[in-house]
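**Q** Below is the file work34.cif, which contains mmCIF, C-alpha atoms.
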data_protein
loop_
_atom_site.label_atom_id
_atom_site.label_comp_id
_atom_site.auth_asym_id
_atom_site.auth_seq_id
_atom_site.Cartn_x
_atom_site.Cartn_y
_atom_site.Cartn_z
CA MET A 1237 305.46 11.55 103.12
CA LEU A 1238 303.98 10.89 99.65
CA LEU A 1239 306.18 7.96 98.63
CA PRO A 1240 305.29 5.95 101.78
CA PHE A 1241 301.64 6.68 100.92
CA PHE A 1242 302.12 5.08 97.51
CA THR A 1243 303.86 1.98 98.91
CA ALA A 1244 301.27 1.64 101.69
CA LEU A 1245 298.46 1.60 99.13
CA ARG A 1246 300.24 -1.13 97.17
CA ASP A 1247 300.83 -3.13 100.35
CA ALA A 1248 297.11 -2.88 101.17
CA LYS A 1249 296.28 -4.38 97.74
CA VAL A 1250 294.84 -1.16 96.35
CA PRO A 1251 295.76 -1.48 92.64
CA VAL A 1252 297.63 1.79 92.12
CA SER A 1253 299.88 1.95 89.07
CA LEU A 1254 302.96 4.11 88.61
CA LYS A 1255 301.19 5.94 85.77
CA GLU A 1256 298.35 6.98 88.09
CA TRP A 1257 300.84 8.06 90.72
CA LEU A 1258 302.59 10.28 88.16
CA HIS A 1259 299.21 11.76 87.22
CA LEU A 1260 298.71 12.67 90.88
CA MET A 1261 302.15 14.28 91.03
CA GLU A 1262 301.37 16.23 87.87
CA ALA A 1263 298.06 17.45 89.32
CA MET A 1264 299.87 18.57 92.47
CA ALA A 1265 302.54 20.39 90.44
CA LYS A 1266 299.91 22.23 88.40
CA GLY A 1267 298.11 23.44 91.52
CA VAL A 1268 294.84 21.52 91.06
CA ILE A 1269 294.34 21.90 94.79
CA GLY A 1270 295.21 25.15 96.48
CA PRO A 1271 296.24 26.18 99.98
CA GLY A 1272 293.82 25.76 102.85
CA ALA A 1273 294.02 24.23 106.32
CA GLU A 1274 297.64 23.50 105.62
CA ASP A 1275 299.76 20.41 106.03
CA THR A 1276 303.51 20.30 105.29
CA THR A 1277 302.90 20.73 101.56
CA GLY A 1278 300.96 23.97 102.04
CA ARG A 1279 297.71 22.45 100.79
CA SER A 1280 294.52 21.33 102.47
CA ILE A 1281 294.72 17.71 103.60
CA ASP A 1282 291.01 17.32 102.80
CA ASP A 1283 291.56 18.55 99.24
CA PHE A 1284 294.52 16.19 98.87
CA TYR A 1285 292.39 13.29 100.14
CA HIS A 1286 289.68 13.88 97.53
CA LEU A 1287 292.18 14.49 94.72
CA SER A 1288 294.29 11.42 95.48
CA ARG A 1289 291.25 9.17 95.82
CA ALA A 1290 289.80 10.40 92.52
CA VAL A 1291 293.08 9.84 90.67
CA LEU A 1292 294.33 6.64 92.30
CA VAL A 1293 291.23 4.56 93.02
CA LYS A 1294 289.65 3.02 89.93
CA ASP A 1295 286.99 0.90 91.64
CA GLU A 1296 284.75 2.06 94.49
CA LYS A 1297 285.10 -1.30 96.25
CA HIS A 1298 288.63 -0.17 97.21
CA TYR A 1299 287.44 3.05 98.91
CA ASP A 1300 287.49 1.54 102.38
CA ARG A 1301 291.06 0.24 102.04
CA PHE A 1302 292.14 3.61 100.66
CA ASP A 1303 290.58 5.39 103.67
CA GLN A 1304 292.37 3.09 106.09
CA VAL A 1305 295.74 3.65 104.43
CA PHE A 1306 295.20 7.41 104.20
CA GLY A 1307 294.27 7.56 107.86
CA LYS A 1308 297.34 5.57 108.86
CA VAL A 1309 299.82 7.53 106.74
CA PHE A 1310 298.43 11.00 107.39
CA LYS A 1311 297.11 10.35 110.91
CA GLY A 1312 293.61 11.25 109.74
CA PHE A 1313 291.89 8.60 111.84
CA GLU A 1314 294.07 8.62 114.92
CA GLY A 1315 291.41 10.51 116.87
CA PRO A 1316 290.96 14.13 117.86
CA VAL A 1317 293.84 16.29 118.97
CA ALA A 1318 293.85 19.38 121.14
CA GLY A 1319 292.57 22.43 119.31
CA ASP A 1320 290.65 20.51 116.57
CA GLU A 1321 287.40 22.13 115.56
CA VAL A 1322 284.91 19.63 116.91
CA SER A 1323 281.90 21.14 115.20
CA ALA A 1324 283.41 20.45 111.79
CA ALA A 1325 283.61 16.72 112.47
CA ILE A 1326 280.26 16.37 114.26
CA PRO A 1327 277.56 18.46 112.54
CA GLU A 1328 274.98 19.82 114.92
CA ASP A 1329 272.03 19.08 112.64
CA TRP A 1330 273.16 15.45 112.36
CA LEU A 1331 273.20 15.09 116.13
CA LYS A 1332 269.79 16.72 116.45
CA LEU A 1333 268.39 14.27 113.92
CA LEU A 1334 269.72 11.39 116.01
CA ASN A 1335 268.11 12.98 119.05
CA GLU A 1336 264.72 13.02 117.37
CA LYS A 1337 264.94 9.49 115.97
CA TYR A 1338 266.61 7.32 118.57
CA LEU A 1339 266.46 8.79 122.07
CA THR A 1340 263.66 8.42 124.57
CA GLU A 1341 262.08 11.46 126.22
CA GLU A 1342 263.99 10.66 129.42
CA GLU A 1343 267.33 10.57 127.56
CA LYS A 1344 266.54 13.83 125.76
CA ALA A 1345 265.91 15.41 129.16
CA GLN A 1346 269.29 14.13 130.40
CA ILE A 1347 271.04 15.73 127.43
CA GLU A 1348 269.23 18.98 128.03
CA ALA A 1349 270.34 18.79 131.68
CA LEU A 1350 273.92 18.92 130.43
CA GLY A 1351 273.04 22.01 128.42
CA GLY A 1352 271.90 20.53 125.09
CA PHE A 1353 273.94 19.43 122.10
CA GLU A 1354 275.72 22.74 121.81
CA LYS A 1355 276.95 22.43 125.39
CA LEU A 1356 277.87 18.76 124.86
CA MET A 1357 280.12 19.61 121.90
CA GLU A 1358 281.56 22.65 123.62
CA THR A 1359 282.40 20.57 126.71
CA LEU A 1360 284.06 17.88 124.57
CA LYS A 1361 286.24 20.48 122.86
CA GLN A 1362 287.20 22.02 126.20
CA ARG A 1363 288.17 18.66 127.72
CA LEU A 1364 290.22 17.73 124.66
CA GLU A 1365 292.22 20.90 125.23
CA GLU A 1366 292.60 20.32 128.99
CA GLN A 1367 293.27 16.59 129.13
CA LYS A 1368 296.94 15.61 128.84
CA GLU A 1369 296.93 11.85 129.55
CA ARG A 1370 294.91 8.64 129.26
CA HIS A 1371 292.12 8.30 131.84
CA GLU A 1372 290.20 5.21 133.00
CA GLY A 1373 287.02 5.31 135.06
CA GLY A 1374 285.50 8.46 136.48
CA ASN A 1375 282.78 10.77 135.33
CA LYS A 1376 284.56 13.69 133.65
CA TRP A 1377 287.64 12.97 131.53
CA ILE A 1378 287.72 11.26 128.13
CA GLY A 1379 288.57 7.64 128.83
CA THR A 1380 287.28 4.13 129.40
CA GLY A 1381 284.99 2.36 131.81
CA GLY A 1382 283.44 5.41 133.44
CA THR A 1383 280.31 7.50 133.26
CA SER A 1384 281.78 10.49 131.43
CA PRO A 1385 279.87 11.52 128.29
CA PHE A 1386 283.10 11.02 126.31
CA GLY A 1387 285.08 7.80 125.75
CA HIS A 1388 284.11 4.15 125.51
CA GLY A 1389 283.48 1.04 127.60
CA GLY A 1390 281.44 2.83 130.25
CA TYR A 1391 277.88 4.07 130.40
CA ASN A 1392 276.36 7.42 129.64
CA PRO A 1393 273.16 7.55 127.57
CA GLU A 1394 274.02 10.96 126.07
CA GLY A 1395 277.69 10.25 125.41
CA VAL A 1396 280.07 10.52 122.48
CA ARG A 1397 281.97 7.25 121.97
CA ILE A 1398 285.63 7.92 121.11
CA GLY A 1399 287.55 4.84 120.05
CA GLY A 1400 287.01 1.26 121.12
CA PRO A 1401 284.01 -1.02 120.64
CA GLY A 1402 280.51 -0.03 121.65
CA LYS A 1403 279.05 -1.68 124.76
CA HIS A 1404 275.46 -0.49 125.17
CA GLY A 1405 274.72 0.80 121.65
CA ARG A 1406 273.47 4.10 123.07
CA ALA A 1407 276.16 6.59 122.04
CA VAL A 1408 274.87 9.78 120.43
CA LYS A 1409 277.90 9.91 118.16
CA VAL A 1410 280.67 7.43 117.30
CA TRP A 1411 283.81 9.48 116.71
CA GLU A 1412 285.84 7.01 114.64
CA LYS A 1413 283.06 5.99 112.25
CA ARG A 1414 284.32 5.77 108.63
CA GLU A 1415 282.41 6.12 105.38
CA PHE A 1416 282.39 3.64 102.47
CA LYS A 1417 282.92 0.56 104.63
CA ASN A 1418 280.00 -1.12 102.86
CA LEU A 1419 281.95 -0.86 99.57
CA ASP A 1420 284.67 -3.29 100.62
CA ASP A 1421 284.53 -6.34 98.33
CA SER A 1422 284.05 -8.79 101.22
CA VAL A 1423 280.76 -7.42 102.52
CA GLU A 1424 277.20 -8.33 101.64
CA LEU A 1425 275.46 -6.51 98.88
CA GLY A 1426 273.03 -3.65 98.34
CA THR A 1427 270.93 -3.19 95.20
CA ARG A 1428 273.21 -0.52 93.72
CA ASN A 1429 276.36 -2.60 94.19
CA ILE A 1430 274.65 -5.70 92.79
CA LYS A 1431 273.83 -3.75 89.61
CA VAL A 1432 277.47 -2.78 89.22
CA ALA A 1433 278.58 -6.41 89.55
CA LEU A 1434 275.88 -7.75 87.21
CA ARG A 1435 276.99 -5.40 84.45
CA ARG A 1436 279.92 -7.70 83.77
CA LEU A 1437 277.39 -10.05 82.22
CA ARG A 1438 276.64 -8.01 79.13
CA ARG A 1439 276.70 -8.61 75.40
CA PHE A 1440 275.18 -5.80 73.36
CA ALA A 1441 273.59 -5.98 69.92
CA ARG A 1442 271.21 -3.82 67.93
CA THR A 1443 268.02 -5.76 67.43
CA GLY A 1444 264.36 -4.90 66.87
CA ALA A 1445 262.67 -1.90 65.26
CA PRO A 1446 264.80 1.06 64.12
CA ASP A 1447 263.56 3.61 66.66
CA GLU A 1448 266.80 5.39 67.63
CA LEU A 1449 268.41 8.27 65.74
CA ASP A 1450 271.71 7.25 64.14
CA ILE A 1451 273.65 10.52 64.40
CA ASP A 1452 276.77 9.32 62.56
CA GLY A 1453 274.69 7.74 59.80
CA THR A 1454 272.58 10.86 59.45
CA ILE A 1455 275.66 13.09 59.14
CA ASP A 1456 277.25 10.73 56.61
CA GLY A 1457 274.05 10.37 54.56
CA THR A 1458 273.40 14.10 54.55
CA ALA A 1459 276.95 14.80 53.37
CA ARG A 1460 276.67 12.25 50.58
CA GLN A 1461 273.17 13.18 49.37
CA GLY A 1462 273.37 16.93 49.78
CA TRP A 1463 270.12 17.10 51.72
CA LEU A 1464 268.97 16.06 55.18
CA ASP A 1465 269.04 12.26 55.20
CA ILE A 1466 267.77 11.03 58.60
CA GLN A 1467 268.99 7.55 59.50
CA MET A 1468 267.42 5.39 62.22
CA ARG A 1469 268.74 2.25 63.91
CA PRO A 1470 267.58 -0.33 66.51
CA GLU A 1471 268.37 0.38 70.15
CA ARG A 1472 271.48 -1.27 71.53
CA ARG A 1473 270.36 -3.93 74.00
CA ASN A 1474 271.92 -6.49 76.28
CA THR A 1475 271.23 -9.83 74.57
CA ILE A 1476 272.27 -12.02 77.50
CA LYS A 1477 269.40 -14.28 78.63
CA VAL A 1478 269.23 -15.21 82.31
CA LEU A 1479 267.31 -17.82 84.30
CA LEU A 1480 267.09 -17.08 88.04
CA PHE A 1481 266.19 -19.88 90.47
CA PHE A 1482 265.52 -18.75 94.06
CA ASP A 1483 265.51 -21.13 97.02
CA ILE A 1484 262.66 -19.98 99.21
CA GLY A 1485 261.53 -20.76 102.76
CA GLY A 1486 263.12 -22.54 105.71
CA SER A 1487 266.73 -21.54 106.33
CA MET A 1488 266.48 -18.96 103.51
CA ASP A 1489 264.09 -16.80 105.55
CA GLY A 1490 267.06 -14.95 107.05
CA HIS A 1491 268.33 -14.01 103.58
CA ILE A 1492 265.10 -12.62 102.09
CA LYS A 1493 266.31 -9.01 101.98
CA MET A 1494 269.48 -9.93 100.11
CA CYS A 1495 267.54 -12.04 97.59
CA GLU A 1496 265.07 -9.20 97.05
CA GLU A 1497 267.94 -6.83 96.31
CA LEU A 1498 269.47 -9.30 93.85
CA PHE A 1499 266.10 -9.84 92.16
CA SER A 1500 265.46 -6.08 91.89
CA ALA A 1501 268.90 -5.43 90.41
CA ALA A 1502 268.65 -8.32 87.95
CA LYS A 1503 265.26 -7.14 86.65
CA THR A 1504 266.83 -3.76 85.91
CA GLU A 1505 269.98 -5.07 84.24
CA PHE A 1506 268.59 -7.94 82.12
CA LYS A 1507 265.75 -7.48 79.66
CA ASN A 1508 265.69 -11.21 78.95
CA LEU A 1509 265.10 -12.54 82.46
CA GLU A 1510 262.95 -15.39 83.73
CA PHE A 1511 262.69 -16.42 87.38
CA TYR A 1512 261.40 -19.43 89.29
CA TYR A 1513 261.28 -20.64 92.89
CA PHE A 1514 262.33 -23.96 94.39
CA HIS A 1515 262.89 -25.26 97.92
CA ASN A 1516 266.31 -26.51 99.04
CA CYS A 1517 267.13 -28.49 95.88
CA LEU A 1518 265.83 -28.56 92.31
CA TYR A 1519 263.25 -31.34 91.75
CA GLU A 1520 260.66 -32.18 89.11
CA GLY A 1521 258.69 -28.95 89.61
CA VAL A 1522 259.23 -25.23 90.22
CA TRP A 1523 256.79 -22.34 90.63
CA LYS A 1524 256.32 -18.61 90.00
CA ASP A 1525 253.95 -17.71 92.87
CA ASN A 1526 254.78 -18.85 96.39
CA ARG A 1527 251.18 -18.46 97.49
CA ARG A 1528 250.11 -21.09 94.94
CA ARG A 1529 253.21 -23.22 94.85
CA HIS A 1530 251.30 -26.46 95.52
CA ALA A 1531 248.53 -25.79 92.99
CA GLU A 1532 250.44 -24.21 90.10
CA ARG A 1533 253.74 -26.02 89.68
CA ILE A 1534 255.68 -25.89 86.44
CA PRO A 1535 257.41 -29.13 85.37
CA THR A 1536 261.19 -28.72 85.33
CA TRP A 1537 261.22 -30.71 82.09
CA ASP A 1538 259.21 -27.88 80.48
CA LEU A 1539 261.95 -25.40 81.40
CA ILE A 1540 264.69 -27.66 80.04
CA HIS A 1541 262.81 -27.98 76.74
CA LYS A 1542 261.84 -24.29 76.56
CA TYR A 1543 265.11 -22.51 77.39
CA GLY A 1544 268.09 -23.37 75.22
CA SER A 1545 271.70 -23.83 76.21
CA ASP A 1546 272.44 -20.18 75.39
CA TRP A 1547 270.61 -19.14 78.59
CA ARG A 1548 272.66 -18.47 81.75
CA ALA A 1549 271.28 -20.14 84.88
CA ILE A 1550 271.82 -18.66 88.34
CA PHE A 1551 270.74 -20.66 91.40
CA VAL A 1552 270.43 -18.67 94.64
CA GLY A 1553 270.30 -20.58 97.91
CA ASP A 1554 272.16 -21.36 101.13
CA ALA A 1555 272.49 -25.05 100.09
CA THR A 1556 271.69 -26.01 103.70
CA MET A 1557 269.57 -29.16 103.92
CA SER A 1558 269.71 -32.83 104.77
CA PRO A 1559 272.08 -34.67 102.38
CA TYR A 1560 269.19 -37.10 101.71
CA GLU A 1561 267.31 -34.29 99.97
CA ILE A 1562 270.03 -34.35 97.33
CA THR A 1563 271.07 -37.98 97.13
CA ILE A 1564 268.01 -40.26 97.37
CA PRO A 1565 264.47 -40.48 95.91
CA GLY A 1566 261.84 -39.39 98.43
CA GLY A 1567 264.39 -37.25 100.29
CA SER A 1568 262.52 -33.97 99.86
CA VAL A 1569 261.06 -32.57 103.08
CA GLU A 1570 257.85 -31.44 101.35
CA HIS A 1571 256.83 -34.18 98.90
CA TRP A 1572 257.74 -37.57 97.53
CA ASN A 1573 260.26 -37.01 94.76
CA GLU A 1574 260.60 -40.02 92.48
CA GLU A 1575 264.08 -38.96 91.39
CA ALA A 1576 266.84 -37.60 93.64
CA GLY A 1577 267.57 -33.90 93.61
CA ALA A 1578 271.08 -34.64 92.30
CA VAL A 1579 269.54 -36.10 89.12
CA TRP A 1580 267.67 -32.86 88.41
CA MET A 1581 270.69 -30.69 89.23
CA ARG A 1582 272.81 -32.66 86.74
CA ARG A 1583 270.14 -32.24 84.06
CA ALA A 1584 270.03 -28.50 84.69
CA VAL A 1585 273.82 -28.12 84.50
CA GLU A 1586 273.93 -30.19 81.30
CA GLN A 1587 271.18 -28.08 79.71
CA TRP A 1588 272.68 -24.76 80.86
CA PRO A 1589 276.47 -25.27 80.91
CA LYS A 1590 276.94 -21.62 81.88
CA SER A 1591 275.43 -21.83 85.34
CA VAL A 1592 276.48 -20.76 88.84
CA TRP A 1593 275.21 -21.08 92.40
CA LEU A 1594 275.19 -17.98 94.65
CA ASN A 1595 275.30 -18.74 98.37
CA PRO A 1596 274.30 -15.97 100.84
CA VAL A 1597 276.08 -17.78 103.68
CA GLY A 1598 279.71 -16.77 104.32
CA GLU A 1599 282.19 -19.03 102.55
CA ARG A 1600 284.01 -19.84 105.80
CA HIS A 1601 280.90 -21.70 107.00
CA TRP A 1602 280.46 -23.95 103.96
CA THR A 1603 282.62 -26.81 105.23
CA TYR A 1604 280.32 -27.27 108.24
CA THR A 1605 277.41 -28.47 106.08
CA ALA A 1606 277.67 -31.67 104.04
CA SER A 1607 274.94 -30.59 101.60
CA VAL A 1608 276.99 -27.56 100.53
CA GLY A 1609 279.84 -29.81 99.44
CA LEU A 1610 277.45 -32.07 97.51
CA LEU A 1611 275.96 -29.14 95.59
CA GLN A 1612 279.41 -27.71 94.92
CA GLU A 1613 280.31 -30.95 93.16
CA LEU A 1614 277.05 -31.00 91.21
CA MET A 1615 277.68 -27.40 90.13
CA GLU A 1616 281.23 -28.37 89.11
CA HIS A 1617 282.59 -26.07 91.85
CA ARG A 1618 280.86 -23.01 90.45
CA MET A 1619 279.44 -21.93 93.80
CA TYR A 1620 280.23 -18.37 94.90
CA PRO A 1621 279.43 -16.32 98.03
CA LEU A 1622 276.88 -13.56 97.63
CA THR A 1623 279.38 -10.74 98.18
CA LEU A 1624 280.76 -8.13 95.78
CA SER A 1625 283.83 -10.20 94.98
CA GLY A 1626 281.83 -13.44 94.81
CA LEU A 1627 279.24 -11.99 92.45
CA ASP A 1628 282.01 -10.48 90.35
CA ASP A 1629 283.69 -13.90 90.04
CA ALA A 1630 280.35 -15.53 89.18
CA MET A 1631 279.67 -13.05 86.37
CA ARG A 1632 283.17 -13.64 84.98
CA THR A 1633 282.40 -17.37 84.92
CA LEU A 1634 279.13 -16.83 83.07
CA THR A 1635 280.83 -14.70 80.39
CA LYS A 1636 283.42 -17.33 79.46
#
What do you get writing this file as structure tokens?
**A**
Amino acid sequence: MLLPFFTALRDAKVPVSLKEWLHLMEAMAKGVIGPGAEDTTGRSIDDFYHLSRAVLVKDEKHYDRFDQVFGKVFKGFEGPVAGDEVSAAIPEDWLKLLNEKYLTEEEKAQIEALGGFEKLMETLKQRLEEQKERHEGGNKWIGTGGTSPFGHGGYNPEGVRIGGPGKHGRAVKVWEKREFKNLDDSVELGTRNIKVALRRLRRFARTGAPDELDIDGTIDGTARQGWLDIQMRPERRNTIKVLLFFDIGGSMDGHIKMCEELFSAAKTEFKNLEFYYFHNCLYEGVWKDNRRRHAERIPTWDLIHKYGSDWRAIFVGDATMSPYEITIPGGSVEHWNEEAGAVWMRRAVEQWPKSVWLNPVGERHWTYTASVGLLQELMEHRMYPLTLSGLDDAMRTLTK
């Protein structure tokens, strides 16, 4: 059973090395996990899950793939079987919280008519034990297309969806729901995951006032002098300097939350950070306050003269616009630009050679918009999707 598990993880592109696998075998041999709800090895399958994931998975973005492989190999996600303890998989307090948050008074009354949550879970367990075959339609058995509280594809406002896609979005509990899906490297980001990805862009140095205790230096100095010799040193800081340019308004309105998360994470990770707003394409002016963007514009030339080539520039936008906004003077939708947006983008890339463009739109959609291709060329094909893997690739580019 264990060797197929190893090969299945490798087939699913979870980077598991032979050394890590041997560490897992060693942990098993030394009894790191003990007996419990036993499988064929005499150990708890839950304990083995947590142990194997801790030893084999080096990056949390692979958690979801690991869960899928584990479920396939050990039948952990195949669905409930007769005799399973339902209450362990569906906590009562969790269901009650859902009841309070999402159900109307009428739906709560319908659940109570069945006997409440306790009765709902008890009935599910009983029917799992009684039912011997697949069932479609009807109002009692676990199946599809009926009005039973258990199954999928039918309708029951106080039901437990087991398998299959949701239809009405009203299930009290979705049986096959997995954790860690948001950590797959193809999904959009949250602030915590953005911070993890941004940390690739780090270069530490000790600069500034000596305000941190140097323990090694103090020990060495004390040993040499024969008396307490306290040594201080500057704090170790990330010296990378970052310019953030956010496209704002229009088609970017649907990506505000993602940009806010990126902005929040970047402010935490980079001490040397400056940000500016633009609309669609970079032109002769940018701004810091969207409420006063017409009255208080900052000339782009000032930025080019102020921030040296050692700054990293990150442009964030969906790159969706009329091609004329990039290619011809006067193409901007908001003002008359004397020089084409492409001219200003080239100047920016020349001034900040280490620059990237982050696009919140899925990469599979880029070919449908001509302006995306134009900006890709201007950015020398350093445009990346705003996903975990895309942000990771962008930070690798900026560190070269």
**Q** For this structure, which residues satisfy the selection - the PyMOL selection byres ((chain A and resi 1435) around 12) - when it is evaluated on the file as given? I want them as a PDB file with C-alpha atoms, in the coordinates of the input.
**A**
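Output file out05.pdb is given in full below:
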ATOM      1  CA  ARG A1428     273.210  -0.520  93.720  1.00  0.00           C
ATOM      2  CA  ASN A1429     276.360  -2.600  94.190  1.00  0.00           C
ATOM      3  CA  ILE A1430     274.650  -5.700  92.790  1.00  0.00           C
ATOM      4  CA  LYS A1431     273.830  -3.750  89.610  1.00  0.00           C
ATOM      5  CA  VAL A1432     277.470  -2.780  89.220  1.00  0.00           C
ATOM      6  CA  ALA A1433     278.580  -6.410  89.550  1.00  0.00           C
ATOM      7  CA  LEU A1434     275.880  -7.750  87.210  1.00  0.00           C
ATOM      8  CA  ARG A1436     279.920  -7.700  83.770  1.00  0.00           C
ATOM      9  CA  LEU A1437     277.390 -10.050  82.220  1.00  0.00           C
ATOM     10  CA  ARG A1438     276.640  -8.010  79.130  1.00  0.00           C
ATOM     11  CA  ARG A1439     276.700  -8.610  75.400  1.00  0.00           C
ATOM     12  CA  PHE A1440     275.180  -5.800  73.360  1.00  0.00           C
ATOM     13  CA  ASN A1474     271.920  -6.490  76.280  1.00  0.00           C
ATOM     14  CA  ILE A1476     272.270 -12.020  77.500  1.00  0.00           C
ATOM     15  CA  ALA A1501     268.900  -5.430  90.410  1.00  0.00           C
ATOM     16  CA  ALA A1502     268.650  -8.320  87.950  1.00  0.00           C
ATOM     17  CA  THR A1504     266.830  -3.760  85.910  1.00  0.00           C
ATOM     18  CA  GLU A1505     269.980  -5.070  84.240  1.00  0.00           C
ATOM     19  CA  PHE A1506     268.590  -7.940  82.120  1.00  0.00           C
ATOM     20  CA  LEU A1627     279.240 -11.990  92.450  1.00  0.00           C
ATOM     21  CA  ASP A1628     282.010 -10.480  90.350  1.00  0.00           C
ATOM     22  CA  ALA A1630     280.350 -15.530  89.180  1.00  0.00           C
ATOM     23  CA  MET A1631     279.670 -13.050  86.370  1.00  0.00           C
ATOM     24  CA  ARG A1632     283.170 -13.640  84.980  1.00  0.00           C
ATOM     25  CA  LEU A1634     279.130 -16.830  83.070  1.00  0.00           C
ATOM     26  CA  THR A1635     280.830 -14.700  80.390  1.00  0.00           C
TER      27      THR A1635
END
**Q** Once the PyMOL selection byres ((chain A and resi 1447) around 8) has been applied to the shown file, what residues remain in the selection, as a ChimeraX atom specification?
**A** /A:1445-1446,1448-1449,1468-1471
**Q** Run through the PyMOL selection byres ((chain A and resi 1245) around 12) on the given coordinates and return the selected residues as JSON, numbers by chain.
**A** {"A": [1238, 1239, 1240, 1241, 1242, 1243, 1244, 1246, 1247, 1248, 1249, 1250, 1251, 1252, 1253, 1254, 1257, 1288, 1289, 1292, 1293, 1298, 1299, 1300, 1301, 1302, 1303, 1304, 1305, 1306, 1307, 1308, 1309]}
**Q** Model the absent atoms of region 1619-1631 of chain A so that N, CA and C atoms are present, and write the result as a PDB file, in the frame of the given file.
**A**
ATOM      1  N   MET A1619     280.210 -22.540  92.735  1.00  0.00           N
ATOM      2  CA  MET A1619     279.440 -21.930  93.800  1.00  0.00           C
ATOM      3  C   MET A1619     280.234 -20.735  94.338  1.00  0.00           C
ATOM      4  N   TYR A1620     279.553 -19.597  94.479  1.00  0.00           N
ATOM      5  CA  TYR A1620     280.230 -18.370  94.900  1.00  0.00           C
ATOM      6  C   TYR A1620     279.440 -17.712  96.035  1.00  0.00           C
ATOM      7  N   PRO A1621     280.142 -17.045  96.960  1.00  0.00           N
ATOM      8  CA  PRO A1621     279.430 -16.320  98.030  1.00  0.00           C
ATOM      9  C   PRO A1621     278.737 -15.088  97.475  1.00  0.00           C
ATOM     10  N   LEU A1622     277.637 -14.729  98.084  1.00  0.00           N
ATOM     11  CA  LEU A1622     276.880 -13.560  97.630  1.00  0.00           C
ATOM     12  C   LEU A1622     277.465 -12.304  98.247  1.00  0.00           C
ATOM     13  N   THR A1623     278.694 -11.969  97.804  1.00  0.00           N
ATOM     14  CA  THR A1623     279.380 -10.740  98.180  1.00  0.00           C
ATOM     15  C   THR A1623     279.779 -10.039  96.879  1.00  0.00           C
ATOM     16  N   LEU A1624     280.326  -8.836  96.986  1.00  0.00           N
ATOM     17  CA  LEU A1624     280.760  -8.130  95.780  1.00  0.00           C
ATOM     18  C   LEU A1624     281.783  -8.935  94.996  1.00  0.00           C
ATOM     19  N   SER A1625     282.797  -9.449  95.680  1.00  0.00           N
ATOM     20  CA  SER A1625     283.830 -10.200  94.980  1.00  0.00           C
ATOM     21  C   SER A1625     283.290 -11.519  94.459  1.00  0.00           C
ATOM     22  N   GLY A1626     282.408 -12.179  95.248  1.00  0.00           N
ATOM     23  CA  GLY A1626     281.830 -13.440  94.810  1.00  0.00           C
ATOM     24  C   GLY A1626     280.949 -13.277  93.592  1.00  0.00           C
ATOM     25  N   LEU A1627     280.108 -12.247  93.598  1.00  0.00           N
ATOM     26  CA  LEU A1627     279.240 -11.990  92.450  1.00  0.00           C
ATOM     27  C   LEU A1627     280.054 -11.600  91.227  1.00  0.00           C
ATOM     28  N   ASP A1628     281.120 -10.851  91.445  1.00  0.00           N
ATOM     29  CA  ASP A1628     282.010 -10.480  90.350  1.00  0.00           C
ATOM     30  C   ASP A1628     282.638 -11.721  89.724  1.00  0.00           C
ATOM     31  N   ASP A1629     283.102 -12.657  90.549  1.00  0.00           N
ATOM     32  CA  ASP A1629     283.690 -13.900  90.040  1.00  0.00           C
ATOM     33  C   ASP A1629     282.633 -14.744  89.302  1.00  0.00           C
ATOM     34  N   ALA A1630     281.405 -14.768  89.831  1.00  0.00           N
ATOM     35  CA  ALA A1630     280.350 -15.530  89.180  1.00  0.00           C
ATOM     36  C   ALA A1630     280.030 -14.969  87.800  1.00  0.00           C
ATOM     37  N   MET A1631     279.967 -13.641  87.670  1.00  0.00           N
ATOM     38  CA  MET A1631     279.670 -13.050  86.370  1.00  0.00           C
ATOM     39  C   MET A1631     280.813 -13.287  85.374  1.00  0.00           C
TER      40      MET A1631
END
